[in-house]
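Colleague: Got a structure for you, questions after.
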Amino acid sequence: MSAPSVSFEFFPPKSLEGSFRLWDCVNSLAPLDPTFVSVTYGAGGTTRKLTHEAVGTIHRTSGLKVAAHLTCVDATKSETLDIAESYAKEGVKDIVALRGDAPKGQDKFTAHQDGFASSVELISALADTGKFNIHVGAYPEKHPEAADQAADIAFLKRKIDAGAATAITQFFFEADTFFRFRDACVKAGIDAPIIPGILPIENWNGTQKFASQCGTHIPQIVHDAFAHATRDGSTELLATALATELCDDLLQGGVEHLHFYTLNRPELTRDVCHALGVSPKVRLQNVA
């Protein structure tokens with residue numbers, strides 16, 4: 001079995017220390033020759049300017065293809081499309097188009113009165129420009145706001161039909177979760193590639209909170225394993241083993257590409273990639 005292709009997600013720095021961490025992460029993972037890397041928005045679009053700066057810097061200095069996250073939150077349609085156009089002028093042609101989470105202090109997403117009401121509207125507008133390769137989010141387990149998973153899959157099909165080329169899933173802990181979702185998508189007529197999102201567990205407490213917020217089920221065996229590993233001081237070893245096993249199961253099931261949520265900490269992601277046979281390659285940096 002050949003090694004998979006990979007991609008990595010980063011988030012924009014909010015401090016000088018965060019900047020150093022981001023660049024260290026990029027430099028550590030770039031030799032693994034990712035197909036692309038993505039840079040997130042903060043919740044409620046709070047890091048819009050920082051995201052733009054990080055995307056531009058990584059694009060100019062690393063030689064990596066960068067996919068910029070773009071959301072509908074707290075902006076007019078023209079403001080959102082202006083951001084997209086600025087990316088295009090910089091040579092950034094990949095966009096991860098998302099509705100986005102509600103700004104801090106709000107219980108649910110409310111569209112700007114002159115903004116995009118949904119990710120489908122944003123995707124359609126981006127597709128109409130003919131300038132972008134559009135990625136979207138997907139939920140192998142029910143989105144907290146969805147009526148059921150069938151509704152999630154129907155909405156994903158609308159996003160693909162609107163012009164998205166690929167979907168990247170929320171993280172999950174069991175390969176069968178992804179396989180069931182993939183099969184259901186095929187049955188629904190979705191033929192775009194669906195990339196599994198992998199979260200190596202850097203912080204167990206933080207991961208539990210994140211999973212609770214996005215509706216991700218954590219199997220009891222994982223809870224028990226981390227309880228033992230925490231007592232033994234072996235959480236990093238366990239996290240590497242769990243992520244590697246999950247990825248190997250996915251590859252055995254026909255997956256060819258893995259997307260890693262790095263949280264700007266490269267060590268676990270790098271170790272998992274090495275275990276899967278993703279070896280460093282010599283890259284020629286873009287110094288233009």
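As shown in the structure tokens, the chain order sets the letters A, B, ...; within each chain, residues go from 1, and ligands are also counted from 1 in the order they appear.
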Report as JSON, numbers by chain all protein, DNA and RNA residues lying within 10 Å of region 220-223 of chain A, evaluated on only C-alpha atoms, omitting residues in the same chain fewer than 6 positions from it.
Modeller: {"A": [173, 204, 208, 229, 238, 239, 242]}
Colleague: When DSSP is applied to the backbone of this structure, which of region 176-274 of chain A are assigned strand (DSSP E or B)? Write them out as a PyMOL selection string.
Modeller: chain A and resi 194-198+257-261
Colleague: Give me, as an MDAnalysis selection string, all polymer residues having an atom no more than 8 Å from region 116-133 of chain A, counting only C-alpha atoms and skipping those fewer than 5 positions away in the same chain.
Modeller: chainID A and resid 71:72 76:77 81 84 88 93:95 97:99 110:111 158:159 162:165
Colleague: Could you tell me, as a PyMOL selection string, which residues of region 41-282 of chain A DSSP assigns to helix (DSSP H, G or I) when given the backbone?
Modeller: chain A and resi 43-45+48-62+77-90+119-129+149-162+175-187+204-214+220-232+235-252+266-275
Colleague: Let me see the file: selected residues, C-alpha atoms, as a CSV table (one decimal), in the first residue's frame.
Modeller:
```csv
chain,number,residue,atom,x,y,z
A,43,ALA,CA,-14.8,32.0,15.6
A,44,GLY,CA,-17.1,34.7,14.3
A,45,GLY,CA,-14.6,35.8,11.7
A,48,ARG,CA,-10.1,37.8,9.2
A,49,LYS,CA,-7.1,40.2,8.8
A,50,LEU,CA,-4.7,37.8,10.5
A,51,THR,CA,-5.8,35.0,8.3
A,52,HIS,CA,-5.2,37.1,5.2
A,53,GLU,CA,-1.7,38.0,6.4
A,54,ALA,CA,-0.9,34.4,7.2
A,55,VAL,CA,-2.2,33.1,3.9
A,56,GLY,CA,-0.2,35.6,2.0
A,57,THR,CA,3.0,35.0,3.9
A,58,ILE,CA,2.9,31.2,3.6
A,59,HIS,CA,2.0,31.5,-0.1
A,60,ARG,CA,4.9,33.8,-0.8
A,61,THR,CA,7.6,32.2,1.3
A,62,SER,CA,7.0,28.5,1.5
A,77,LYS,CA,-21.4,40.1,0.1
A,78,SER,CA,-19.1,42.7,-1.5
A,79,GLU,CA,-16.7,42.7,1.4
A,80,THR,CA,-16.5,38.9,1.4
A,81,LEU,CA,-15.9,38.8,-2.4
A,82,ASP,CA,-13.3,41.6,-2.1
A,83,ILE,CA,-11.3,39.4,0.2
A,84,ALA,CA,-11.6,36.5,-2.3
A,85,GLU,CA,-10.5,38.8,-5.1
A,86,SER,CA,-7.5,39.9,-3.1
A,87,TYR,CA,-6.5,36.2,-2.7
A,88,ALA,CA,-6.8,35.7,-6.4
A,89,LYS,CA,-4.5,38.7,-7.1
A,90,GLU,CA,-1.9,37.1,-4.8
A,119,SER,CA,-22.3,28.6,2.6
A,120,VAL,CA,-24.2,27.6,-0.5
A,121,GLU,CA,-24.7,31.2,-1.5
A,122,LEU,CA,-21.0,31.9,-0.9
A,123,ILE,CA,-19.9,28.9,-2.9
A,124,SER,CA,-22.1,29.8,-5.8
A,125,ALA,CA,-20.8,33.4,-5.9
A,126,LEU,CA,-17.2,32.1,-5.7
A,127,ALA,CA,-17.9,29.6,-8.5
A,128,ASP,CA,-19.4,32.2,-10.7
A,129,THR,CA,-16.0,34.1,-10.7
A,149,GLN,CA,-27.6,13.2,9.1
A,150,ALA,CA,-29.8,12.9,6.0
A,151,ALA,CA,-30.3,16.7,6.2
A,152,ASP,CA,-26.5,17.1,6.6
A,153,ILE,CA,-25.9,15.0,3.5
A,154,ALA,CA,-28.6,16.8,1.5
A,155,PHE,CA,-27.0,20.1,2.3
A,156,LEU,CA,-23.5,18.8,1.4
A,157,LYS,CA,-24.9,17.9,-2.0
A,158,ARG,CA,-26.2,21.4,-2.4
A,159,LYS,CA,-22.7,22.7,-1.7
A,160,ILE,CA,-21.2,20.4,-4.3
A,161,ASP,CA,-23.8,21.2,-6.8
A,162,ALA,CA,-23.2,24.9,-6.2
A,175,ALA,CA,-12.9,4.7,10.6
A,176,ASP,CA,-16.4,3.1,10.3
A,177,THR,CA,-17.9,6.6,11.0
A,178,PHE,CA,-16.2,7.9,7.9
A,179,PHE,CA,-17.0,4.8,5.8
A,180,ARG,CA,-20.7,4.9,6.6
A,181,PHE,CA,-20.8,8.6,5.8
A,182,ARG,CA,-18.9,8.1,2.5
A,183,ASP,CA,-21.3,5.4,1.5
A,184,ALA,CA,-24.3,7.5,2.3
A,185,CYS,CA,-22.9,10.4,0.3
A,186,VAL,CA,-22.4,8.2,-2.7
A,187,LYS,CA,-25.9,6.9,-2.4
A,204,TRP,CA,-7.1,15.5,25.9
A,205,ASN,CA,-9.2,18.0,27.9
A,206,GLY,CA,-9.4,20.4,25.0
A,207,THR,CA,-10.3,17.7,22.5
A,208,GLN,CA,-13.2,16.6,24.7
A,209,LYS,CA,-14.6,20.1,24.8
A,210,PHE,CA,-14.1,20.5,21.1
A,211,ALA,CA,-15.8,17.2,20.4
A,212,SER,CA,-18.8,18.2,22.6
A,213,GLN,CA,-19.2,21.5,20.7
A,214,CYS,CA,-19.2,19.9,17.2
A,220,GLN,CA,-15.6,4.8,25.7
A,221,ILE,CA,-12.4,2.9,24.8
A,222,VAL,CA,-10.7,6.2,24.0
A,223,HIS,CA,-11.9,7.7,27.3
A,224,ASP,CA,-10.5,4.7,29.2
A,225,ALA,CA,-7.2,4.7,27.3
A,226,PHE,CA,-6.6,8.4,28.1
A,227,ALA,CA,-7.5,7.8,31.7
A,228,HIS,CA,-4.7,5.2,31.9
A,229,ALA,CA,-2.3,7.1,29.8
A,230,THR,CA,-2.7,10.3,31.9
A,231,ARG,CA,-1.8,8.3,35.1
A,232,ASP,CA,1.2,6.7,33.3
A,235,THR,CA,-0.6,10.5,26.5
A,236,GLU,CA,1.6,11.5,23.6
A,237,LEU,CA,2.5,7.9,22.8
A,238,LEU,CA,-1.2,7.0,23.0
A,239,ALA,CA,-2.3,9.9,20.8
A,240,THR,CA,0.3,8.9,18.1
A,241,ALA,CA,-0.8,5.3,18.2
A,242,LEU,CA,-4.6,6.1,18.0
A,243,ALA,CA,-4.2,8.6,15.1
A,244,THR,CA,-1.9,6.2,13.2
A,245,GLU,CA,-4.3,3.3,13.7
A,246,LEU,CA,-7.2,5.4,12.5
A,247,CYS,CA,-5.4,6.6,9.5
A,248,ASP,CA,-4.2,3.1,8.6
A,249,ASP,CA,-7.8,1.8,8.9
A,250,LEU,CA,-8.9,4.6,6.5
A,251,LEU,CA,-6.2,3.7,4.0
A,252,GLN,CA,-7.1,0.1,4.1
A,266,PRO,CA,3.5,19.8,14.3
A,267,GLU,CA,5.1,17.0,16.3
A,268,LEU,CA,2.2,14.5,16.5
A,269,THR,CA,1.1,15.1,13.0
A,270,ARG,CA,4.7,14.6,11.7
A,271,ASP,CA,5.1,11.4,13.7
A,272,VAL,CA,1.8,10.0,12.4
A,273,CYS,CA,2.7,10.9,8.8
A,274,HIS,CA,6.1,9.2,9.2
A,275,ALA,CA,4.4,6.1,10.6
```
Colleague: Could you tell me which of A:Gly63, A:Ser15, A:Ile190, A:Glu256 comes closest to Asn27 (chain A) if we count only C-alpha atoms?
Modeller: A:Gly63
Colleague: Which of these residues is nearest to Pro196 (chain A), using only C-alpha atoms: A:Thr40, A:Ala146, A:Arg265, A:Ser7?
Modeller: A:Ser7
Colleague: Would you list the contacts of Ala138 (chain A) as an MDAnalysis selection string, taking every protein, DNA or RNA residue within 6 Å and counting only C-alpha atoms, but skipping same-chain residues closer than 4 positions in sequence?
Modeller: chainID A and resid 167:169
Colleague: Which distance in Å separates CA of Leu64 (chain A) and CA of Leu32 (chain A), to one decimal?
Modeller: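 Between these atoms lies a distance of 10.8 Å.
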Colleague: Nearest to Lys65 (chain A) among A:Phe8, A:Ile194, A:Gly253, A:Tyr41, with distances taken over only C-alpha atoms: which residue is it?
Modeller: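 Result for the nearest residue to Lys65 (chain A): A:Phe8.
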Colleague: Work out how far CA of Arg21 (chain A) is from CA of Ser279 (chain A), in Å to one decimal.
Modeller: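 Separation of CA of Ser279 (chain A) and CA of Arg21 (chain A): 22.2 Å.
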Colleague: Find the distance between CA of Ser28 (chain A) and CA of Glu9 (chain A) and write it in Å to one decimal.
Modeller: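 Computing the Euclidean distance for CA of Ser28 (chain A) and CA of Glu9 (chain A) yields 13.2 Å.
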